[in-house]
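Engineer: Sharing upload14.txt here; it has compact mmCIF, C-alpha atoms and all ligand atoms.
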# COMPACT_ATOMS: atom_id res chain seq x y z
CA MET A 1114 129.30 -0.39 135.94
CA ALA A 1115 128.47 2.32 133.44
CA ALA A 1116 127.43 5.84 134.28
CA VAL A 1117 123.66 5.89 134.76
CA THR A 1118 123.40 2.53 136.51
CA SER A 1119 126.23 3.47 138.82
CA LEU A 1120 124.59 6.83 139.66
CA LEU A 1121 121.28 5.08 140.39
CA ASP A 1122 123.11 2.45 142.38
CA SER A 1123 124.68 5.14 144.56
CA ILE A 1124 121.19 6.28 145.70
CA SER A 1125 119.59 2.85 145.89
CA ASP A 1126 119.52 2.84 149.70
CA ILE A 1127 117.97 6.30 150.09
CA GLY A 1128 114.29 6.39 151.00
CA ARG A 1129 113.55 2.68 150.84
CA ASP A 1130 110.13 1.92 152.30
CA PRO A 1131 110.26 -1.27 154.39
CA VAL A 1132 106.46 -1.41 154.73
CA ARG A 1133 105.24 -0.61 151.21
CA GLY A 1134 108.33 -1.83 149.36
CA GLY A 1135 110.12 0.34 146.82
CA TYR A 1136 110.83 3.97 147.67
CA SER A 1137 108.96 6.67 149.58
CA ARG A 1138 110.71 9.97 148.99
CA PRO A 1139 108.21 12.74 149.66
CA VAL A 1140 109.33 16.29 148.92
CA PHE A 1141 111.53 17.88 151.62
CA SER A 1142 111.60 14.61 153.63
CA ALA A 1143 114.95 13.36 154.93
CA ALA A 1144 115.18 11.05 151.91
CA GLU A 1145 114.42 13.69 149.28
CA THR A 1146 116.71 16.18 151.01
CA GLU A 1147 119.50 13.61 150.93
CA LEU A 1148 118.86 13.07 147.22
CA ARG A 1149 119.03 16.82 146.59
CA SER A 1150 122.40 16.90 148.40
CA TRP A 1151 123.55 13.92 146.36
CA PHE A 1152 122.57 15.75 143.16
CA THR A 1153 124.38 18.90 144.26
CA ALA A 1154 127.56 16.97 145.00
CA GLU A 1155 127.40 15.06 141.69
CA ALA A 1156 126.80 18.26 139.74
CA GLN A 1157 129.60 20.13 141.54
CA SER A 1158 131.99 17.25 140.95
CA ARG A 1159 131.36 17.86 137.21
CA GLY A 1160 132.16 21.55 137.60
CA LEU A 1161 128.51 22.63 137.42
CA ALA A 1162 127.41 25.55 139.60
CA VAL A 1163 124.30 24.67 141.63
CA GLU A 1164 121.69 27.16 142.80
CA THR A 1165 118.21 26.85 144.31
CA ASP A 1166 115.56 29.20 142.95
CA ARG A 1167 112.78 30.74 145.01
CA ASN A 1168 110.41 27.81 144.32
CA GLY A 1169 112.90 25.19 145.50
CA ILE A 1170 113.95 24.09 142.01
CA LEU A 1171 117.62 23.09 141.83
CA TRP A 1172 119.57 24.36 138.81
CA ALA A 1173 123.01 22.97 137.95
CA TRP A 1174 124.71 25.13 135.34
CA TRP A 1175 127.25 24.11 132.74
CA GLY A 1176 128.19 27.61 131.62
CA GLU A 1177 126.92 30.89 133.03
CA PRO A 1178 123.24 31.15 133.99
CA GLN A 1179 121.66 32.88 131.02
CA LYS A 1180 118.39 33.52 129.22
CA GLY A 1181 117.38 30.98 126.59
CA ALA A 1182 119.56 28.17 127.94
CA LEU A 1183 119.02 24.52 127.13
CA VAL A 1184 117.50 22.84 130.18
CA THR A 1185 117.00 19.18 131.00
CA GLY A 1186 115.68 17.72 134.22
CA SER A 1187 113.16 15.73 136.16
CA HIS A 1188 112.44 15.07 139.85
CA LEU A 1189 113.74 13.14 142.85
CA ASP A 1190 110.55 12.85 144.93
CA SER A 1191 108.44 9.70 144.62
CA VAL A 1192 104.95 8.36 145.17
CA PRO A 1193 104.52 6.25 148.34
CA GLY A 1194 106.15 2.88 147.59
CA GLY A 1195 107.32 3.95 144.14
CA GLY A 1196 109.95 2.54 141.81
CA ALA A 1197 113.61 3.41 141.43
CA PHE A 1198 113.35 5.18 138.06
CA ASP A 1199 110.38 7.59 138.03
CA GLY A 1200 112.27 10.87 138.36
CA PRO A 1201 115.81 9.76 139.25
CA LEU A 1202 116.39 8.18 135.81
CA GLY A 1203 116.02 11.61 134.17
CA ILE A 1204 118.37 13.20 136.69
CA ALA A 1205 121.03 10.46 136.47
CA ALA A 1206 120.80 10.47 132.66
CA ALA A 1207 121.25 14.26 132.62
CA LEU A 1208 124.38 14.09 134.82
CA ALA A 1209 125.81 11.28 132.70
CA ALA A 1210 124.86 13.08 129.47
CA VAL A 1211 127.00 16.05 130.55
CA ASP A 1212 129.92 13.61 130.89
CA VAL A 1213 129.22 12.27 127.39
CA LEU A 1214 129.05 15.77 125.90
CA LYS A 1215 132.32 16.72 127.57
CA GLU A 1216 133.99 13.52 126.36
CA ARG A 1217 132.79 14.32 122.86
CA GLY A 1218 134.32 17.78 123.18
CA VAL A 1219 131.03 19.40 122.21
CA GLN A 1220 131.26 23.16 121.72
CA ARG A 1221 128.30 24.88 123.36
CA ASN A 1222 126.50 27.80 121.75
CA ARG A 1223 124.57 28.33 124.95
CA SER A 1224 124.58 27.18 128.57
CA LEU A 1225 123.04 23.92 129.71
CA ALA A 1226 121.24 23.51 133.03
CA ILE A 1227 119.99 20.41 134.83
CA THR A 1228 116.90 21.06 136.95
CA VAL A 1229 115.41 19.07 139.83
CA PHE A 1230 111.75 19.92 140.43
CA PRO A 1231 110.21 19.56 143.92
CA GLU A 1232 106.88 17.76 144.61
CA GLU A 1233 106.42 16.42 141.06
CA GLU A 1234 104.27 13.60 142.39
CA GLY A 1235 102.10 15.68 144.67
CA SER A 1236 102.40 12.79 147.11
CA ARG A 1237 102.98 15.02 150.13
CA PHE A 1238 100.92 18.16 149.44
CA GLY A 1239 98.36 16.79 146.96
CA VAL A 1240 99.18 18.92 143.90
CA ALA A 1241 101.43 17.23 141.34
CA CYS A 1242 104.17 19.27 139.61
CA LEU A 1243 103.95 21.88 142.37
CA GLY A 1244 107.44 23.28 141.63
CA SER A 1245 106.80 23.81 137.92
CA ARG A 1246 103.28 25.12 138.64
CA LEU A 1247 104.75 27.71 141.00
CA LEU A 1248 107.48 28.63 138.51
CA THR A 1249 104.97 29.19 135.71
CA GLY A 1250 102.24 30.77 137.84
CA ALA A 1251 99.88 27.85 137.22
CA ILE A 1252 99.08 27.80 140.94
CA ASP A 1253 98.43 30.81 143.11
CA PRO A 1254 101.26 31.05 145.69
CA ASP A 1255 98.75 31.56 148.52
CA THR A 1256 96.98 28.36 147.58
CA ALA A 1257 100.34 26.58 147.50
CA ARG A 1258 101.44 28.01 150.86
CA ASN A 1259 98.26 26.70 152.49
CA LEU A 1260 98.42 23.13 151.14
CA ARG A 1261 98.78 20.66 154.01
CA ASP A 1262 100.37 17.24 154.27
CA ASP A 1263 98.86 14.37 156.28
CA ALA A 1264 100.54 15.62 159.46
CA GLY A 1265 98.94 19.05 159.01
CA THR A 1266 102.20 20.80 158.06
CA THR A 1267 101.62 23.57 155.52
CA PHE A 1268 103.69 23.81 152.37
CA ALA A 1269 104.81 27.23 153.63
CA ASP A 1270 106.26 25.67 156.79
CA ALA A 1271 107.82 22.77 154.91
CA ALA A 1272 109.37 25.18 152.41
CA ARG A 1273 110.72 27.34 155.25
CA ALA A 1274 112.21 24.25 156.93
CA ALA A 1275 113.87 23.42 153.59
CA GLY A 1276 115.54 26.84 153.59
CA LEU A 1277 113.15 28.68 151.25
CA ASP A 1278 111.33 31.92 151.97
CA PRO A 1279 107.64 31.02 151.54
CA GLU A 1280 106.85 34.69 150.81
CA HIS A 1281 108.95 34.41 147.66
CA LEU A 1282 107.13 31.43 146.17
CA GLY A 1283 105.40 32.02 142.83
CA ARG A 1284 105.84 32.84 139.16
CA ASP A 1285 109.49 33.50 138.46
CA GLU A 1286 109.94 35.44 135.20
CA ASP A 1287 113.74 35.36 135.38
CA ALA A 1288 113.93 31.61 135.91
CA LEU A 1289 111.35 30.97 133.19
CA ALA A 1290 113.25 33.19 130.74
CA ARG A 1291 116.31 31.03 131.28
CA ILE A 1292 114.57 28.04 129.70
CA GLY A 1293 115.10 28.30 125.94
CA ASP A 1294 114.17 24.63 125.45
CA PHE A 1295 113.29 21.98 128.03
CA VAL A 1296 113.81 18.26 127.57
CA GLU A 1297 112.78 15.70 130.20
CA LEU A 1298 113.95 12.11 129.99
CA HIS A 1299 111.69 9.73 131.90
CA VAL A 1300 110.99 6.04 132.40
CA GLU A 1301 108.07 4.90 130.24
CA GLN A 1302 105.24 4.18 132.66
CA GLY A 1303 102.98 1.81 130.76
CA ARG A 1304 103.16 -0.63 127.89
CA GLY A 1305 104.04 2.05 125.33
CA LEU A 1306 107.40 0.49 124.45
CA GLY A 1307 107.36 -3.29 124.10
CA GLU A 1308 110.02 -5.58 125.53
CA ASP A 1309 111.78 -6.09 122.21
CA GLY A 1310 111.23 -2.73 120.57
CA PRO A 1311 113.45 0.35 120.58
CA ALA A 1312 114.90 1.49 123.91
CA VAL A 1313 113.58 5.05 123.73
CA ALA A 1314 110.57 6.95 122.42
CA VAL A 1315 109.83 10.63 121.84
CA GLY A 1316 106.80 12.12 123.59
CA SER A 1317 104.07 13.90 121.65
CA SER A 1318 101.49 14.76 124.30
CA ILE A 1319 100.18 14.16 127.81
CA LEU A 1320 96.60 13.19 128.60
CA GLY A 1321 94.62 15.80 130.49
CA HIS A 1322 94.35 14.77 134.12
CA GLY A 1323 93.13 16.02 137.45
CA ARG A 1324 92.51 15.21 141.09
CA TRP A 1325 89.26 15.57 142.99
CA LYS A 1326 88.41 14.96 146.63
CA LEU A 1327 85.08 13.31 147.42
CA THR A 1328 84.04 13.69 151.04
CA VAL A 1329 81.29 11.39 152.29
CA HIS A 1330 79.62 12.56 155.50
CA GLY A 1331 77.74 10.11 157.72
CA GLN A 1332 77.05 9.52 161.40
CA GLY A 1333 79.99 8.41 163.52
CA ASN A 1334 78.80 5.73 165.92
CA HIS A 1335 79.53 2.60 167.94
CA ALA A 1336 80.23 -0.59 165.96
CA GLY A 1337 78.62 -2.81 168.59
CA THR A 1338 75.54 -0.92 169.71
CA THR A 1339 74.33 0.55 166.41
CA LEU A 1340 71.92 -1.78 164.60
CA MET A 1341 72.62 -2.25 160.89
CA GLU A 1342 69.33 -0.55 159.96
CA ASP A 1343 70.16 2.47 162.10
CA ARG A 1344 73.44 3.37 160.41
CA ALA A 1345 74.51 6.21 158.14
CA ASP A 1346 77.86 4.66 157.32
CA PRO A 1347 80.01 6.70 154.89
CA MET A 1348 82.37 3.74 154.42
CA VAL A 1349 79.56 1.68 152.90
CA ALA A 1350 78.74 4.57 150.56
CA ALA A 1351 82.44 5.01 149.74
CA ALA A 1352 82.77 1.36 148.74
CA GLN A 1353 79.92 1.73 146.23
CA ILE A 1354 81.29 5.05 144.97
CA ILE A 1355 84.61 3.37 144.19
CA THR A 1356 82.78 0.73 142.18
CA ALA A 1357 80.86 3.47 140.37
CA VAL A 1358 84.16 5.20 139.49
CA GLN A 1359 85.47 2.00 137.94
CA GLN A 1360 82.26 1.32 136.00
CA THR A 1361 81.89 4.89 134.74
CA ALA A 1362 85.46 5.01 133.42
CA ALA A 1363 85.27 1.51 131.94
CA ALA A 1364 82.23 2.60 129.91
CA GLN A 1365 84.12 5.57 128.41
CA PRO A 1366 86.71 4.59 125.77
CA GLY A 1367 90.16 5.96 126.59
CA ALA A 1368 89.21 7.12 130.09
CA ARG A 1369 91.15 6.24 133.22
CA ALA A 1370 89.80 6.85 136.71
CA THR A 1371 91.32 5.72 139.97
CA VAL A 1372 90.67 5.94 143.69
CA GLY A 1373 94.13 5.29 145.05
CA ARG A 1374 93.74 6.82 148.45
CA ILE A 1375 90.97 6.82 151.06
CA GLN A 1376 90.84 8.03 154.61
CA ALA A 1377 88.26 7.12 157.25
CA ILE A 1378 87.69 9.63 160.05
CA PRO A 1379 88.31 8.89 162.87
CA GLY A 1380 89.61 5.50 161.69
CA GLY A 1381 88.94 2.95 164.44
CA THR A 1382 88.12 -0.73 163.93
CA ASN A 1383 85.18 -0.50 166.33
CA VAL A 1384 83.98 2.88 165.06
CA ILE A 1385 81.50 3.60 162.26
CA PRO A 1386 83.27 6.51 160.56
CA SER A 1387 81.73 9.98 160.60
CA ARG A 1388 83.46 10.83 157.34
CA VAL A 1389 85.34 9.15 154.54
CA ASP A 1390 87.56 11.06 152.10
CA LEU A 1391 88.27 9.55 148.67
CA TRP A 1392 90.71 11.00 146.19
CA LEU A 1393 89.79 10.57 142.54
CA ASP A 1394 92.34 10.75 139.72
CA ALA A 1395 90.66 11.02 136.30
CA ARG A 1396 92.25 11.29 132.84
CA HIS A 1397 91.21 11.42 129.19
CA GLU A 1398 92.58 12.81 125.96
CA GLU A 1399 89.59 15.18 125.66
CA ASP A 1400 89.22 17.52 128.62
CA ALA A 1401 85.46 17.82 128.03
CA VAL A 1402 85.16 14.05 128.41
CA THR A 1403 87.11 14.16 131.68
CA ALA A 1404 84.77 16.90 132.93
CA ARG A 1405 81.68 14.85 131.97
CA LEU A 1406 83.17 11.75 133.56
CA VAL A 1407 83.70 13.52 136.88
CA GLU A 1408 80.21 15.04 136.69
CA THR A 1409 78.72 11.58 136.13
CA ILE A 1410 80.71 10.14 139.02
CA HIS A 1411 79.57 13.00 141.25
CA GLY A 1412 75.90 12.38 140.33
CA LYS A 1413 76.22 8.66 141.07
CA ALA A 1414 78.02 9.40 144.34
CA GLN A 1415 75.20 11.71 145.45
CA LYS A 1416 72.59 9.00 144.80
CA ILE A 1417 74.65 6.34 146.57
CA ALA A 1418 75.30 8.59 149.56
CA ALA A 1419 71.63 9.54 149.88
CA PHE A 1420 70.60 5.86 149.79
CA GLU A 1421 72.98 5.20 152.70
CA GLY A 1422 71.68 8.20 154.69
CA CYS A 1423 74.88 10.14 153.97
CA SER A 1424 75.87 13.16 151.88
CA VAL A 1425 78.81 13.81 149.59
CA THR A 1426 80.76 16.84 148.40
CA LEU A 1427 83.24 17.06 145.53
CA ALA A 1428 86.18 19.48 145.31
CA GLN A 1429 88.69 19.76 142.48
CA GLU A 1430 92.25 19.84 143.77
CA SER A 1431 94.09 20.25 140.46
CA PHE A 1432 93.65 19.93 136.72
CA SER A 1433 96.09 19.87 133.82
CA PRO A 1434 94.58 20.00 130.34
CA THR A 1435 95.76 17.72 127.56
CA THR A 1436 99.08 19.16 126.44
CA SER A 1437 101.02 18.71 123.21
CA PHE A 1438 104.76 19.15 123.19
CA ASP A 1439 106.35 21.75 120.94
CA PRO A 1440 106.16 20.34 117.36
CA ALA A 1441 109.50 21.84 116.25
CA LEU A 1442 111.32 20.52 119.31
CA GLN A 1443 109.61 17.13 118.91
CA ARG A 1444 110.89 16.99 115.30
CA GLN A 1445 114.42 17.78 116.51
CA LEU A 1446 114.20 14.98 119.08
CA GLN A 1447 112.99 12.59 116.39
CA LEU A 1448 115.86 13.60 114.09
CA ALA A 1449 118.38 12.96 116.87
CA LEU A 1450 116.73 9.62 117.72
CA PRO A 1451 115.62 8.25 114.35
CA GLN A 1452 114.69 4.78 115.70
CA ALA A 1453 112.42 6.22 118.39
CA PRO A 1454 108.65 5.86 117.99
CA VAL A 1455 106.37 8.68 119.11
CA LEU A 1456 104.31 8.15 122.25
CA VAL A 1457 101.38 9.81 123.99
CA THR A 1458 101.67 9.41 127.76
CA GLY A 1459 98.98 9.08 130.38
CA ALA A 1460 101.36 10.27 133.11
CA GLY A 1461 101.85 13.86 134.20
CA HIS A 1462 105.27 15.54 134.06
CA ASP A 1463 106.87 18.90 134.78
CA ALA A 1464 107.61 19.03 131.03
CA GLY A 1465 103.83 19.13 130.51
CA ILE A 1466 103.41 22.13 132.81
CA LEU A 1467 106.36 23.93 131.20
CA ALA A 1468 105.02 23.16 127.69
CA GLY A 1469 102.43 25.91 128.06
CA HIS A 1470 105.22 28.49 128.47
CA VAL A 1471 108.42 27.31 126.74
CA PRO A 1472 109.26 24.73 124.06
CA ALA A 1473 109.29 21.41 125.91
CA GLY A 1474 109.75 17.79 124.86
CA MET A 1475 110.23 14.33 126.36
CA ILE A 1476 112.17 11.13 125.84
CA PHE A 1477 110.81 7.89 127.31
CA VAL A 1478 112.96 4.89 128.21
CA ARG A 1479 111.64 1.33 127.79
CA ASN A 1480 110.16 -0.29 130.88
CA PRO A 1481 109.68 -4.01 130.13
CA SER A 1482 107.49 -4.51 133.22
CA GLY A 1483 104.95 -2.00 131.91
CA ILE A 1484 104.51 -1.11 135.61
CA SER A 1485 105.16 2.20 137.33
CA HIS A 1486 104.26 3.94 140.61
CA SER A 1487 105.14 0.56 142.10
CA PRO A 1488 108.31 -1.22 143.22
CA GLU A 1489 108.06 -3.39 140.07
CA GLU A 1490 108.84 -0.44 137.78
CA TYR A 1491 111.87 -1.61 135.75
CA VAL A 1492 114.54 -0.45 133.34
CA GLU A 1493 117.28 -2.76 132.09
CA ASP A 1494 120.82 -1.67 132.91
CA ALA A 1495 121.77 -1.45 129.23
CA ASP A 1496 118.78 0.83 128.53
CA ALA A 1497 119.49 3.02 131.58
CA ASP A 1498 123.07 3.48 130.43
CA TYR A 1499 122.00 4.05 126.82
CA SER A 1500 119.58 6.76 128.02
CA ALA A 1501 122.58 9.05 128.71
CA THR A 1502 123.78 8.59 125.11
CA ALA A 1503 120.28 9.21 123.76
CA LEU A 1504 119.89 12.34 125.87
CA ALA A 1505 123.39 13.52 124.91
CA ASP A 1506 122.54 13.02 121.19
CA VAL A 1507 119.48 15.23 121.64
CA LEU A 1508 121.24 17.87 123.75
CA GLU A 1509 124.23 18.03 121.39
CA ASP A 1510 121.91 18.90 118.50
CA LEU A 1511 120.22 21.61 120.56
CA LEU A 1512 123.32 23.12 122.17
C1 LIG B 1601 102.48 11.64 138.06
O1 LIG B 1601 103.39 10.88 137.83
C2 LIG B 1601 101.16 11.40 137.56
O2 LIG B 1601 101.00 11.17 136.36
O3 LIG B 1601 100.24 11.39 138.37
MN MN B 1602 107.90 11.23 137.12
MN MN B 1603 105.31 9.53 138.89
MN MN B 1604 104.83 12.19 136.83
Can you turn what I pasted into structure tokens?
Ligand code: GLV
Ligand code: MN
Ligand code: MN
Ligand code: MN
Structural biologist:
Amino acid sequence: MAAVTSLLDSISDIGRDPVRGGYSRPVFSAAETELRSWFTAEAQSRGLAVETDRNGILWAWWGEPQKGALVTGSHLDSVPGGGAFDGPLGIAAALAAVDVLKERGVQRNRSLAITVFPEEEGSRFGVACLGSRLLTGAIDPDTARNLRDDAGTTFADAARAAGLDPEHLGRDEDALARIGDFVELHVEQGRGLGEDGPAVAVGSSILGHGRWKLTVHGQGNHAGTTLMEDRADPMVAAAQIITAVQQTAAAQPGARATVGRIQAIPGGTNVIPSRVDLWLDARHEEDAVTARLVETIHGKAQKIAAFEGCSVTLAQESFSPTTSFDPALQRQLQLALPQAPVLVTGAGHDAGILAGHVPAGMIFVRNPSGISHSPEEYVEDADADYSATALADVLEDLL
């Protein structure tokens, strides 16, 4: 078994989700912690020195930590019931690429670091790319400290339990200055690379995207004694709001809008809920269109809620504008990978957050299923193994 597939195979039992299928590896959970230890051991076995910065980002150094280093990395956390490749492929490819570079006897002009970012998915604390947002100052550390998971644990407490000092979270000038160039290799998450086309693509930009919470308030009541005409049922409003989200996005070319998570309070079969929370994910190439889309959805939600005797509030939880990768770095990636087409991605990445601060670029690896954030996400073994060569080709040119 070649390098990347064997690395991925060695973590294939960690964080499996027997209920949802696939993997559930929320940040700082037992599974993600085990993956971080696995990464540390793999990096150390290659002679890399591993450190954790004050935002919980792991850095594995080939060469002395220094300003302007070449950095590659991704994440090890997952969405609930996610696939095997979203995140870990970039980490395994980076470890294997170091092996390739050493085998090639590459002379470095600067140090190389592999980074593992925490809470890329935002699946535990609600804000995606939380580690890179903290590093770059894109989120206020107080806001981050007060984020809560479903069990009510704050990010501050979770960070403390993971060995970090929550008081030290936030923009880290020294760590940021160490990134001369950042390259993230990632599984392609849609149908951007066909089954028979080239194995890798170079990223050009990321669609603007954000998360909003819609809270529908109604009257909690008894399912048996409350006549249908007497109800103010937020679940009935929520169902129509979800349909309105789908219709509004479908009418806007290029838009994507999703309600992937809902919560009924208190959540009993024989209870009319008093409140239903819906989380909206909306994306479009033009940020003004995304803003209008969310405004339209909010207006429709208010009408629907009023008709059902309920009310609704909308709160933005995060937003990342449409981001283009560094043109010079993108050209260098294209020169190193001449067969690779150029892709826009609809998925968010730490590389996108970093792109506002340092030259950043991405490499995508073919996913014949066209499916991601699902157990059916897929990369062929040959492509996974080739990804280390592709990444090494890029890193060698930049080192
Ligand atoms: C993260 O993968 C996202 O695009 O939401
Ligand atoms: Mn990812
Ligand atoms: Mn993802
Ligand atoms: Mn992502």
Engineer: Using all atoms listed in the file, which protein or nucleic acid residues are at most 7 Å from ligand MN 1603 (chain B), as an MDAnalysis selection string?
Structural biologist: chainID A and resid 1191:1192 1199 1234 1486
Engineer: Any residue with an atom at most 9 Å from ligand LIG 1601 (chain B) counts, using all atoms listed in the file. Which are they? Put them as a PyMOL selection string.
Structural biologist: chain A and resi 1191-1192+1199-1200+1233-1235+1241-1242+1302+1322-1323+1394+1458-1462+1485-1486
Engineer: List every protein, DNA or RNA residue that has at least one atom no more than 12 Å from (120.4, 4.2, 131.8) in the file's coordinates, counting all atoms listed in the file, and write the result as a PyMOL selection string.
Structural biologist: chain A and resi 1114-1122+1197-1198+1201-1210+1298-1300+1312-1313+1477-1480+1491-1505
Engineer: Could you check how far atom CA of His1330 of chain A sits from atom CA of Gln1376 of chain A, in Å to one decimal?
Structural biologist: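 Going from atom CA of His1330 of chain A over to atom CA of Gln1376 of chain A covers 12.1 Å.
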Engineer: What's the 7 Å shell around segment 1161-1177 of chain A, counting only C-alpha atoms, without same-chain residues fewer than 3 positions away, as a CSV table (one decimal) with C-alpha atoms, in the coordinates of the input?
Structural biologist:
chain,number,residue,atom,x,y,z
A,1153,THR,CA,124.4,18.9,144.3
A,1156,ALA,CA,126.8,18.3,139.7
A,1157,GLN,CA,129.6,20.1,141.5
A,1224,SER,CA,124.6,27.2,128.6
A,1225,LEU,CA,123.0,23.9,129.7
A,1226,ALA,CA,121.2,23.5,133.0
A,1227,ILE,CA,120.0,20.4,134.8
A,1228,THR,CA,116.9,21.1,137.0
A,1229,VAL,CA,115.4,19.1,139.8
A,1230,PHE,CA,111.8,19.9,140.4
A,1231,PRO,CA,110.2,19.6,143.9
A,1244,GLY,CA,107.4,23.3,141.6
A,1247,LEU,CA,104.8,27.7,141.0
A,1248,LEU,CA,107.5,28.6,138.5
A,1277,LEU,CA,113.2,28.7,151.2
A,1281,HIS,CA,109.0,34.4,147.7
A,1282,LEU,CA,107.1,31.4,146.2
A,1283,GLY,CA,105.4,32.0,142.8
